[in-house]
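So the structure is just underneath, and the comments pick up after that.
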Amino acid sequence: MPAFWPLNAPADNADYTWLDLRGPHYALGQAQGRQTERFVIPAWWPAPPPLSFAADCARQIGELHPPLLDELRGYADGQGLAYEDVLRGVCRQTMRLRARPPYPEGGCSSLAVVGADGQVRVGRNYDFHPVQRVRQRLRLTPEQGRPSVGTRGSVPGGRYDGVNDAGLFICLHVALSDEPAEPQPGIPFHLLPRLVLETCARTRDAVELLTRVRHLHAFNYLIADATGDLAVVEAHPAGARVAAQGEPFAACTNHFRHPDMQRFQPGRRHTHSQQRLDFLHSQSAALQAGAEVLSALSDHPSGLCGHAGGHTTLWSLSANLTARTIAYARGAPCCTGFEALPWPSAN
Ligand SMILES: [Zn+2]
């Protein structure tokens, strides 16, 4: 493992695999394990935690949605790996990067809007160093839990964004903040959107879940449902707050806004994140009047659309929760076509 990983190395071999799977969770995991490359903990992640730590995280996951652990077991078997090793890889203890430079100040941006016509639309750019190769899109129709469509990053079982058959949308954003000196077991960031998509039907259900669980990492979550209920939840291992809810427009970037959450980001400047958030809010009226989500996502002066370093837009999504459509671009939305994916359905 190199001490310095070339984070800016282009990922010419980016993995946008599409999987459309149906069945019990163990079989879903086994199929993913067999049909994807061998799971390797990303070089920029910290060393995995002790098994006892990961086992406590798994216990908490099992309290919310036991089938997700079946999927991880199936995945491990499909890959020929020990379940315990996969679990340790999934339960990352810290967001600190093993390599330099530190976590990029740039990051993901998202918006949700209820239009004057009543249509609920969402948009989101996922930004990180291009060295992140795994950008898989999955549609799962499990025997237990709701069907969903969304993207997976470097570790199995998770979702970085997606929708379910009820028209519920969620996406995640790393929140740049201080971490506890001694991490305590909790739910890993990438499993929370997955848990929400499989167990919740409405924004209020997702908000309840996200404000109830113990978070392993500091992240922001934007949530929207087809009734037009929009929310932003800000989460940290020490607690979570609802930063926004009840308005016809919501946006989210990479810093905490709720007053109770300020203590986790002392002395930090969030210029890039604030600039993107301010821009999105400046577009609120136009978006409610019907302006295209794509034009906001493609903005360059604000930094919404990223083309360099840790702020490279690895994928972009646009969805209409009322019309039940979702499309993804394999890169920056300003210059990459969007591909429609099939809406999740139990049929
Ligand atoms: Zn661009």
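Chain labels run A, B, ... following the order of the structure tokens; each chain numbers its residues from 1, and ligands are numbered from 1 in the order shown.
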
Please, which residues in chain A fall within 6 Å of ligand 1 when counting only C-alpha atoms and all ligand atoms, and what is the closest atom pair and distance in Å to one decimal for each, ordered by chain then residue number, as JSON lines?
```
{"residue": "A:Ser298", "atom": "CA", "partner": "ligand 1", "partner_atom_place_in_ligand_line": "1 (Zn)", "distance": 5.4}
{"residue": "A:Cys305", "atom": "CA", "partner": "ligand 1", "partner_atom_place_in_ligand_line": "1 (Zn)", "distance": 4.5}
{"residue": "A:Gly306", "atom": "CA", "partner": "ligand 1", "partner_atom_place_in_ligand_line": "1 (Zn)", "distance": 5.8}
{"residue": "A:Ala332", "atom": "CA", "partner": "ligand 1", "partner_atom_place_in_ligand_line": "1 (Zn)", "distance": 5.2}
{"residue": "A:Cys334", "atom": "CA", "partner": "ligand 1", "partner_atom_place_in_ligand_line": "1 (Zn)", "distance": 4.4}
```

Problem set entry | Exercise: Gly89 in chain A partners within 12 Å, only C-alpha atoms, chain neighbours under 3 positions left out, as a PyMOL selection string | chain A and resi 39-43+45-51+53-55+57-58+72+76+81-86+92-94+154-157+188

Restrict the calculation to only C-alpha atoms, then for each residue of range 68-132 of chain A with any atom at most 6 Å from an atom of range 245-267 of chain A give the closest atom pair and their distance in Å to one decimal, rows by chain and rising residue number, as JSON lines.
```
{"residue": "A:Cys108", "atom": "CA", "partner": "A:Thr253", "partner_atom": "CA", "distance": 5.9}
{"residue": "A:Ser109", "atom": "CA", "partner": "A:Thr253", "partner_atom": "CA", "distance": 4.7}
{"residue": "A:Ser110", "atom": "CA", "partner": "A:Cys252", "partner_atom": "CA", "distance": 5.3}
{"residue": "A:Leu111", "atom": "CA", "partner": "A:Ala251", "partner_atom": "CA", "distance": 4.2}
{"residue": "A:Ala112", "atom": "CA", "partner": "A:Ala250", "partner_atom": "CA", "distance": 5.2}
{"residue": "A:Val113", "atom": "CA", "partner": "A:Phe249", "partner_atom": "CA", "distance": 4.5}
{"residue": "A:Val114", "atom": "CA", "partner": "A:Pro248", "partner_atom": "CA", "distance": 5.0}
```

For this session: Please provide the set of residues having any atom within 12 Å of Ser148 in chain A, restricted to only C-alpha atoms, with same-chain residues fewer than 6 positions apart removed, written as JSON, numbers by chain.
Result: {"A": [19, 20, 21, 22, 137, 138, 139, 140, 141, 142, 158, 159, 161, 162, 163, 164, 165, 166, 167, 168, 169, 170, 193, 194, 195, 196, 197, 198, 199, 200, 201, 324, 326, 341, 342, 343, 344, 345, 346]}

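Closest approach to Thr211 in chain A among A:Pro130, A:Pro67, A:Gly303, A:Gly239: A:Gly239, based on only C-alpha atoms.
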
Find the residues around Arg73 in chain A up to 8 Å (only C-alpha atoms counted), leave out those fewer than 3 positions away in its own chain, and share them as a PDB file with all heavy atoms, in the first residue's frame.
```
ATOM      1  N   TYR A  26     -29.696 -12.681   0.034  1.00  0.00           N
ATOM      2  CA  TYR A  26     -28.454 -13.462  -0.093  1.00  0.00           C
ATOM      3  C   TYR A  26     -28.097 -13.642  -1.574  1.00  0.00           C
ATOM      4  O   TYR A  26     -26.948 -13.454  -1.983  1.00  0.00           O
ATOM      5  CB  TYR A  26     -28.600 -14.825   0.596  1.00  0.00           C
ATOM      6  CG  TYR A  26     -27.352 -15.658   0.465  1.00  0.00           C
ATOM      7  CD1 TYR A  26     -26.303 -15.507   1.363  1.00  0.00           C
ATOM      8  CD2 TYR A  26     -27.208 -16.568  -0.583  1.00  0.00           C
ATOM      9  CE1 TYR A  26     -25.134 -16.254   1.227  1.00  0.00           C
ATOM     10  CE2 TYR A  26     -26.047 -17.314  -0.728  1.00  0.00           C
ATOM     11  CZ  TYR A  26     -25.027 -17.152   0.181  1.00  0.00           C
ATOM     12  OH  TYR A  26     -23.870 -17.878   0.035  1.00  0.00           O
ATOM     13  N   GLY A  29     -26.804 -10.481  -3.158  1.00  0.00           N
ATOM     14  CA  GLY A  29     -25.404 -10.250  -2.803  1.00  0.00           C
ATOM     15  C   GLY A  29     -24.473 -11.171  -3.562  1.00  0.00           C
ATOM     16  O   GLY A  29     -23.427 -10.753  -4.066  1.00  0.00           O
ATOM     17  N   GLN A  30     -24.886 -12.441  -3.657  1.00  0.00           N
ATOM     18  CA  GLN A  30     -24.048 -13.416  -4.355  1.00  0.00           C
ATOM     19  C   GLN A  30     -23.868 -13.018  -5.827  1.00  0.00           C
ATOM     20  O   GLN A  30     -22.769 -13.078  -6.372  1.00  0.00           O
ATOM     21  CB  GLN A  30     -24.703 -14.783  -4.253  1.00  0.00           C
ATOM     22  CG  GLN A  30     -23.778 -15.938  -4.535  1.00  0.00           C
ATOM     23  CD  GLN A  30     -24.481 -17.265  -4.284  1.00  0.00           C
ATOM     24  OE1 GLN A  30     -25.684 -17.420  -4.541  1.00  0.00           O
ATOM     25  NE2 GLN A  30     -23.737 -18.225  -3.782  1.00  0.00           N
ATOM     26  N   LEU A  69     -27.698  -7.680   5.896  1.00  0.00           N
ATOM     27  CA  LEU A  69     -26.563  -8.509   6.311  1.00  0.00           C
ATOM     28  C   LEU A  69     -26.524  -9.804   5.498  1.00  0.00           C
ATOM     29  O   LEU A  69     -25.443 -10.310   5.179  1.00  0.00           O
ATOM     30  CB  LEU A  69     -26.633  -8.806   7.810  1.00  0.00           C
ATOM     31  CG  LEU A  69     -26.560  -7.570   8.714  1.00  0.00           C
ATOM     32  CD1 LEU A  69     -26.733  -7.978  10.174  1.00  0.00           C
ATOM     33  CD2 LEU A  69     -25.230  -6.832   8.525  1.00  0.00           C
ATOM     34  N   ASP A  70     -27.701 -10.325   5.138  1.00  0.00           N
ATOM     35  CA  ASP A  70     -27.736 -11.508   4.266  1.00  0.00           C
ATOM     36  C   ASP A  70     -27.075 -11.187   2.925  1.00  0.00           C
ATOM     37  O   ASP A  70     -26.373 -12.008   2.341  1.00  0.00           O
ATOM     38  CB  ASP A  70     -29.174 -11.971   4.013  1.00  0.00           C
ATOM     39  CG  ASP A  70     -29.858 -12.461   5.282  1.00  0.00           C
ATOM     40  OD1 ASP A  70     -29.142 -12.841   6.225  1.00  0.00           O
ATOM     41  OD2 ASP A  70     -31.099 -12.452   5.316  1.00  0.00           O
ATOM     42  N   ALA A  76     -19.984 -11.767   0.024  1.00  0.00           N
ATOM     43  CA  ALA A  76     -18.706 -12.373   0.434  1.00  0.00           C
ATOM     44  C   ALA A  76     -18.550 -13.745  -0.215  1.00  0.00           C
ATOM     45  O   ALA A  76     -17.492 -14.070  -0.770  1.00  0.00           O
ATOM     46  CB  ALA A  76     -18.644 -12.482   1.957  1.00  0.00           C
ATOM     47  N   ASP A  77     -19.604 -14.558  -0.188  1.00  0.00           N
ATOM     48  CA  ASP A  77     -19.534 -15.893  -0.792  1.00  0.00           C
ATOM     49  C   ASP A  77     -19.316 -15.797  -2.303  1.00  0.00           C
ATOM     50  O   ASP A  77     -18.553 -16.560  -2.883  1.00  0.00           O
ATOM     51  CB  ASP A  77     -20.799 -16.695  -0.485  1.00  0.00           C
ATOM     52  CG  ASP A  77     -20.877 -17.091   0.992  1.00  0.00           C
ATOM     53  OD1 ASP A  77     -19.850 -16.952   1.691  1.00  0.00           O
ATOM     54  OD2 ASP A  77     -21.958 -17.530   1.433  1.00  0.00           O
ATOM     55  N   TYR A  83     -16.750 -13.412   5.196  1.00  0.00           N
ATOM     56  CA  TYR A  83     -17.764 -12.409   5.546  1.00  0.00           C
ATOM     57  C   TYR A  83     -17.193 -11.377   6.502  1.00  0.00           C
ATOM     58  O   TYR A  83     -17.442 -10.163   6.371  1.00  0.00           O
ATOM     59  CB  TYR A  83     -18.969 -13.125   6.175  1.00  0.00           C
ATOM     60  CG  TYR A  83     -19.991 -12.224   6.823  1.00  0.00           C
ATOM     61  CD1 TYR A  83     -20.759 -11.348   6.058  1.00  0.00           C
ATOM     62  CD2 TYR A  83     -20.194 -12.263   8.206  1.00  0.00           C
ATOM     63  CE1 TYR A  83     -21.705 -10.525   6.655  1.00  0.00           C
ATOM     64  CE2 TYR A  83     -21.139 -11.447   8.806  1.00  0.00           C
ATOM     65  CZ  TYR A  83     -21.892 -10.575   8.027  1.00  0.00           C
ATOM     66  OH  TYR A  83     -22.822  -9.771   8.628  1.00  0.00           O
TER      67      TYR A  83
END
```

Would you please extract all alpha helix (DSSP H) residues from range 117-298 of chain A, as assigned by DSSP on the backbone, and give them as a CSV table (one decimal) with all heavy atoms, in the first residue's frame?
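Listed below is the output, part-v7.csv:
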```
chain,number,residue,atom,x,y,z
A,191,LEU,N,-24.5,2.9,3.8
A,191,LEU,CA,-25.6,2.0,4.0
A,191,LEU,C,-26.9,2.7,4.4
A,191,LEU,O,-28.0,2.2,4.2
A,191,LEU,CB,-25.3,1.0,5.1
A,191,LEU,CG,-24.2,0.0,4.8
A,191,LEU,CD1,-24.1,-1.0,6.0
A,191,LEU,CD2,-24.4,-0.7,3.5
A,192,LEU,N,-26.8,4.0,4.8
A,192,LEU,CA,-28.0,4.7,5.2
A,192,LEU,C,-29.0,5.0,4.1
A,192,LEU,O,-30.2,4.7,4.2
A,192,LEU,CB,-27.6,6.0,6.0
A,192,LEU,CG,-27.1,5.6,7.4
A,192,LEU,CD1,-26.3,6.7,8.0
A,192,LEU,CD2,-28.3,5.3,8.3
A,193,PRO,N,-28.5,5.5,2.9
A,193,PRO,CA,-29.4,5.6,1.8
A,193,PRO,C,-30.1,4.3,1.4
A,193,PRO,O,-31.3,4.2,1.1
A,193,PRO,CB,-28.6,6.2,0.7
A,193,PRO,CG,-27.5,6.9,1.4
A,193,PRO,CD,-27.2,6.1,2.6
A,194,ARG,N,-29.3,3.2,1.5
A,194,ARG,CA,-29.8,1.9,1.1
A,194,ARG,C,-30.9,1.5,2.1
A,194,ARG,O,-32.0,1.0,1.7
A,194,ARG,CB,-28.7,0.9,1.1
A,194,ARG,CG,-29.1,-0.5,0.9
A,194,ARG,CD,-29.4,-0.7,-0.6
A,194,ARG,NE,-30.0,-2.0,-0.8
A,194,ARG,CZ,-29.3,-3.2,-0.8
A,194,ARG,NH1,-28.0,-3.2,-0.7
A,194,ARG,NH2,-30.0,-4.3,-1.0
A,195,LEU,N,-30.7,1.7,3.4
A,195,LEU,CA,-31.6,1.4,4.4
A,195,LEU,C,-32.9,2.2,4.3
A,195,LEU,O,-34.0,1.7,4.4
A,195,LEU,CB,-31.0,1.6,5.8
A,195,LEU,CG,-29.9,0.6,6.2
A,195,LEU,CD1,-29.1,1.1,7.4
A,195,LEU,CD2,-30.6,-0.8,6.5
A,196,VAL,N,-32.7,3.5,3.9
A,196,VAL,CA,-33.9,4.3,3.7
A,196,VAL,C,-34.7,3.8,2.5
A,196,VAL,O,-35.9,3.7,2.6
A,196,VAL,CB,-33.4,5.8,3.5
A,196,VAL,CG1,-34.5,6.6,2.9
A,196,VAL,CG2,-33.0,6.4,4.9
A,197,LEU,N,-34.0,3.5,1.4
A,197,LEU,CA,-34.7,3.2,0.2
A,197,LEU,C,-35.5,1.8,0.4
A,197,LEU,O,-36.5,1.7,-0.2
A,197,LEU,CB,-33.7,3.0,-1.0
A,197,LEU,CG,-33.1,4.4,-1.4
A,197,LEU,CD1,-32.0,4.1,-2.4
A,197,LEU,CD2,-34.2,5.3,-2.1
A,198,GLU,N,-34.9,0.9,1.2
A,198,GLU,CA,-35.6,-0.4,1.3
A,198,GLU,C,-36.7,-0.4,2.4
A,198,GLU,O,-37.5,-1.3,2.4
A,198,GLU,CB,-34.6,-1.5,1.5
A,198,GLU,CG,-33.8,-1.8,0.3
A,198,GLU,CD,-33.2,-3.2,0.2
A,198,GLU,OE1,-33.3,-4.0,1.2
A,198,GLU,OE2,-32.5,-3.4,-0.8
A,199,THR,N,-36.6,0.6,3.3
A,199,THR,CA,-37.5,0.5,4.5
A,199,THR,C,-38.5,1.7,4.6
A,199,THR,O,-39.3,1.7,5.5
A,199,THR,CB,-36.8,0.3,5.8
A,199,THR,OG1,-36.0,1.5,6.1
A,199,THR,CG2,-35.8,-0.8,5.8
A,203,THR,N,-40.7,10.9,3.1
A,203,THR,CA,-39.6,11.7,3.6
A,203,THR,C,-39.6,11.6,5.2
A,203,THR,O,-38.6,11.5,5.8
A,203,THR,CB,-39.7,13.1,3.1
A,203,THR,OG1,-39.5,13.1,1.7
A,203,THR,CG2,-38.7,14.0,3.8
A,204,ARG,N,-40.8,11.7,5.7
A,204,ARG,CA,-40.9,11.7,7.2
A,204,ARG,C,-40.4,10.4,7.8
A,204,ARG,O,-39.8,10.4,8.9
A,204,ARG,CB,-42.3,12.0,7.7
A,204,ARG,CG,-43.3,10.9,7.3
A,204,ARG,CD,-44.7,11.2,7.9
A,204,ARG,NE,-45.7,10.2,7.5
A,204,ARG,CZ,-46.5,10.4,6.5
A,204,ARG,NH1,-46.5,11.5,5.8
A,204,ARG,NH2,-47.4,9.4,6.1
A,205,ASP,N,-40.5,9.3,7.1
A,205,ASP,CA,-40.0,8.0,7.6
A,205,ASP,C,-38.4,8.0,7.6
A,205,ASP,O,-37.8,7.6,8.5
A,205,ASP,CB,-40.4,6.8,6.7
A,205,ASP,CG,-41.9,6.8,6.5
A,205,ASP,OD1,-42.7,7.1,7.5
A,205,ASP,OD2,-42.4,6.3,5.4
A,206,ALA,N,-37.9,8.6,6.5
A,206,ALA,CA,-36.5,8.7,6.3
A,206,ALA,C,-35.9,9.6,7.4
A,206,ALA,O,-34.8,9.3,8.0
A,206,ALA,CB,-36.1,9.2,4.9
A,207,VAL,N,-36.5,10.7,7.6
A,207,VAL,CA,-36.0,11.7,8.6
A,207,VAL,C,-36.0,11.0,10.0
A,207,VAL,O,-35.1,11.2,10.8
A,207,VAL,CB,-36.9,13.0,8.6
A,207,VAL,CG1,-36.6,13.8,9.8
A,207,VAL,CG2,-36.7,13.8,7.3
A,208,GLU,N,-37.1,10.3,10.3
A,208,GLU,CA,-37.2,9.6,11.6
A,208,GLU,C,-36.0,8.6,11.7
A,208,GLU,O,-35.4,8.5,12.8
A,208,GLU,CB,-38.5,8.9,11.7
A,208,GLU,CG,-38.9,8.4,13.1
A,208,GLU,CD,-38.2,7.1,13.4
A,208,GLU,OE1,-38.1,6.2,12.5
A,208,GLU,OE2,-37.8,6.9,14.6
A,209,LEU,N,-35.7,7.8,10.7
A,209,LEU,CA,-34.7,6.9,10.7
A,209,LEU,C,-33.3,7.5,10.9
A,209,LEU,O,-32.5,7.2,11.8
A,209,LEU,CB,-34.7,6.0,9.4
A,209,LEU,CG,-33.7,4.8,9.4
A,209,LEU,CD1,-34.2,3.7,8.5
A,209,LEU,CD2,-32.3,5.2,8.9
A,210,LEU,N,-33.1,8.6,10.1
A,210,LEU,CA,-31.8,9.2,10.1
A,210,LEU,C,-31.5,10.0,11.4
A,210,LEU,O,-30.3,10.2,11.7
A,210,LEU,CB,-31.6,10.2,8.9
A,210,LEU,CG,-31.5,9.5,7.5
A,210,LEU,CD1,-31.7,10.5,6.4
A,210,LEU,CD2,-30.2,8.7,7.4
A,271,THR,N,-15.9,27.7,1.9
A,271,THR,CA,-16.1,28.6,0.8
A,271,THR,C,-16.7,27.9,-0.4
A,271,THR,O,-17.7,28.4,-0.9
A,271,THR,CB,-14.8,29.3,0.4
A,271,THR,OG1,-14.1,29.8,1.6
A,271,THR,CG2,-15.0,30.4,-0.5
A,272,HIS,N,-16.1,26.8,-0.8
A,272,HIS,CA,-16.6,26.1,-2.0
A,272,HIS,C,-18.0,25.6,-1.8
A,272,HIS,O,-18.9,25.7,-2.6
A,272,HIS,CB,-15.6,25.0,-2.3
A,272,HIS,CG,-15.7,24.5,-3.7
A,272,HIS,ND1,-16.7,23.7,-4.1
A,272,HIS,CD2,-15.0,24.7,-4.8
A,272,HIS,CE1,-16.6,23.4,-5.4
A,272,HIS,NE2,-15.5,24.0,-5.9
A,273,SER,N,-18.2,25.0,-0.6
A,273,SER,CA,-19.5,24.4,-0.3
A,273,SER,C,-20.6,25.4,-0.2
A,273,SER,O,-21.7,25.3,-0.7
A,273,SER,CB,-19.4,23.6,1.0
A,273,SER,OG,-20.6,23.0,1.4
A,274,GLN,N,-20.3,26.6,0.5
A,274,GLN,CA,-21.2,27.7,0.7
A,274,GLN,C,-21.6,28.3,-0.7
A,274,GLN,O,-22.7,28.7,-0.9
A,274,GLN,CB,-20.6,28.7,1.6
A,274,GLN,CG,-21.6,29.8,2.0
A,274,GLN,CD,-22.8,29.3,2.9
A,274,GLN,OE1,-22.5,28.7,3.9
A,274,GLN,NE2,-24.0,29.6,2.5
A,275,GLN,N,-20.6,28.4,-1.5
A,275,GLN,CA,-20.8,29.0,-2.8
A,275,GLN,C,-21.8,28.2,-3.7
A,275,GLN,O,-22.7,28.8,-4.3
A,275,GLN,CB,-19.4,29.1,-3.5
A,275,GLN,CG,-19.4,29.8,-4.9
A,275,GLN,CD,-17.9,29.9,-5.3
A,275,GLN,OE1,-17.2,30.7,-4.8
A,275,GLN,NE2,-17.6,29.1,-6.3
A,276,ARG,N,-21.6,26.9,-3.6
A,276,ARG,CA,-22.5,26.1,-4.4
A,276,ARG,C,-23.9,26.1,-3.8
A,276,ARG,O,-24.9,26.1,-4.5
A,276,ARG,CB,-22.0,24.6,-4.4
A,276,ARG,CG,-20.8,24.4,-5.3
A,276,ARG,CD,-20.3,23.0,-5.3
A,276,ARG,NE,-19.4,22.8,-4.2
A,276,ARG,CZ,-19.6,21.8,-3.2
A,276,ARG,NH1,-20.6,21.0,-3.3
A,276,ARG,NH2,-18.7,21.7,-2.2
A,277,LEU,N,-24.0,26.1,-2.4
A,277,LEU,CA,-25.3,26.2,-1.8
A,277,LEU,C,-26.0,27.5,-2.1
A,277,LEU,O,-27.2,27.5,-2.4
A,277,LEU,CB,-25.1,26.0,-0.3
A,277,LEU,CG,-26.4,25.9,0.5
A,277,LEU,CD1,-27.1,24.6,0.2
A,277,LEU,CD2,-26.1,26.0,2.0
A,278,ASP,N,-25.3,28.6,-2.0
A,278,ASP,CA,-25.8,29.9,-2.3
A,278,ASP,C,-26.4,30.0,-3.8
A,278,ASP,O,-27.4,30.5,-4.0
A,278,ASP,CB,-24.8,31.0,-2.1
A,278,ASP,CG,-24.5,31.2,-0.7
A,278,ASP,OD1,-25.2,30.7,0.2
A,278,ASP,OD2,-23.5,31.9,-0.4
A,279,PHE,N,-25.6,29.4,-4.7
A,279,PHE,CA,-26.0,29.4,-6.1
A,279,PHE,C,-27.3,28.6,-6.2
A,279,PHE,O,-28.3,29.1,-6.9
A,279,PHE,CB,-24.9,28.8,-7.0
A,279,PHE,CG,-25.4,28.5,-8.4
A,279,PHE,CD1,-25.7,29.6,-9.3
A,279,PHE,CD2,-25.8,27.2,-8.8
A,279,PHE,CE1,-26.2,29.3,-10.5
A,279,PHE,CE2,-26.3,27.0,-10.0
A,279,PHE,CZ,-26.5,28.0,-10.9
A,280,LEU,N,-27.4,27.4,-5.6
A,280,LEU,CA,-28.6,26.6,-5.8
A,280,LEU,C,-29.8,27.4,-5.3
A,280,LEU,O,-30.9,27.4,-5.9
A,280,LEU,CB,-28.4,25.3,-5.1
A,280,LEU,CG,-27.5,24.3,-5.8
A,280,LEU,CD1,-27.2,23.1,-4.9
A,280,LEU,CD2,-28.0,23.9,-7.2
A,281,HIS,N,-29.6,28.0,-4.1
A,281,HIS,CA,-30.8,28.8,-3.5
A,281,HIS,C,-31.2,29.9,-4.4
A,281,HIS,O,-32.3,30.3,-4.5
A,281,HIS,CB,-30.5,29.2,-2.1
A,281,HIS,CG,-30.8,28.1,-1.1
A,281,HIS,ND1,-32.0,27.8,-0.7
A,281,HIS,CD2,-29.9,27.2,-0.5
A,281,HIS,CE1,-32.0,26.7,0.1
A,281,HIS,NE2,-30.7,26.4,0.3
A,282,SER,N,-30.2,30.5,-5.1
A,282,SER,CA,-30.5,31.6,-6.0
A,282,SER,C,-31.3,31.2,-7.2
A,282,SER,O,-31.9,32.0,-7.9
A,282,SER,CB,-29.2,32.3,-6.5
A,282,SER,OG,-28.5,31.5,-7.5
A,284,SER,N,-33.7,28.9,-6.9
A,284,SER,CA,-35.0,28.3,-6.4
A,284,SER,C,-36.2,28.8,-7.1
A,284,SER,O,-37.0,28.0,-7.6
A,284,SER,CB,-35.1,28.7,-4.9
A,284,SER,OG,-36.4,28.4,-4.4
A,285,ALA,N,-36.4,30.1,-7.3
A,285,ALA,CA,-37.6,30.6,-8.0
A,285,ALA,C,-37.7,30.1,-9.4
A,285,ALA,O,-38.8,29.7,-9.9
A,285,ALA,CB,-37.6,32.1,-7.9
A,286,ALA,N,-36.6,30.2,-10.1
A,286,ALA,CA,-36.6,29.8,-11.5
A,286,ALA,C,-36.9,28.3,-11.6
A,286,ALA,O,-37.7,27.9,-12.5
A,286,ALA,CB,-35.2,30.1,-12.2
A,287,LEU,N,-36.4,27.5,-10.7
A,287,LEU,CA,-36.6,26.0,-10.8
A,287,LEU,C,-38.1,25.8,-10.4
A,287,LEU,O,-38.7,24.9,-11.1
A,287,LEU,CB,-35.7,25.3,-9.8
A,287,LEU,CG,-34.2,25.2,-10.3
A,287,LEU,CD1,-33.3,24.9,-9.1
A,287,LEU,CD2,-34.1,24.1,-11.3
A,288,GLN,N,-38.6,26.5,-9.5
A,288,GLN,CA,-40.1,26.3,-9.2
A,288,GLN,C,-40.9,26.7,-10.3
A,288,GLN,O,-42.0,26.1,-10.5
A,288,GLN,CB,-40.4,27.1,-7.9
A,288,GLN,CG,-39.9,26.5,-6.6
A,288,GLN,CD,-40.2,27.4,-5.4
A,288,GLN,OE1,-41.4,27.5,-5.1
A,288,GLN,NE2,-39.2,28.0,-4.8
A,293,VAL,N,-33.5,21.4,-14.3
A,293,VAL,CA,-32.5,21.0,-13.2
A,293,VAL,C,-31.1,20.9,-13.8
A,293,VAL,O,-30.1,21.3,-13.2
A,293,VAL,CB,-32.9,19.7,-12.6
A,293,VAL,CG1,-31.8,19.0,-11.8
A,293,VAL,CG2,-34.2,19.8,-11.7
A,294,LEU,N,-31.1,20.4,-15.1
A,294,LEU,CA,-29.8,20.2,-15.7
A,294,LEU,C,-29.0,21.5,-15.8
A,294,LEU,O,-27.8,21.5,-15.7
A,294,LEU,CB,-30.0,19.6,-17.1
A,294,LEU,CG,-28.8,19.4,-18.0
A,294,LEU,CD1,-27.8,18.5,-17.2
A,294,LEU,CD2,-29.2,18.8,-19.3
A,295,SER,N,-29.7,22.7,-16.1
A,295,SER,CA,-28.9,23.9,-16.2
A,295,SER,C,-28.3,24.3,-14.9
A,295,SER,O,-27.2,24.8,-14.9
A,295,SER,CB,-29.9,25.0,-16.8
A,295,SER,OG,-30.8,25.3,-15.8
A,296,ALA,N,-28.9,24.1,-13.8
A,296,ALA,CA,-28.3,24.4,-12.5
A,296,ALA,C,-27.2,23.4,-12.2
A,296,ALA,O,-26.1,23.9,-11.8
A,296,ALA,CB,-29.4,24.2,-11.4
A,297,LEU,N,-27.3,22.2,-12.5
A,297,LEU,CA,-26.2,21.2,-12.3
A,297,LEU,C,-25.0,21.5,-13.1
A,297,LEU,O,-23.9,21.1,-12.8
A,297,LEU,CB,-26.7,19.8,-12.5
A,297,LEU,CG,-27.8,19.2,-11.7
A,297,LEU,CD1,-28.2,17.8,-12.1
A,297,LEU,CD2,-27.4,19.2,-10.2
```

Problem set entry | Picked from range 243-292 of chain A by DSSP as strand (DSSP E), as a PyMOL selection string | chain A and resi 243-245+249-252

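The residue that comes closest to Val149 in chain A, out of A:Ala329, A:Leu230, A:Cys91, A:Ala319 and on the basis of only C-alpha atoms, is A:Ala319.
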
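CA of Leu87 in chain A is positioned 16.1 Å from CA of His217 in chain A.
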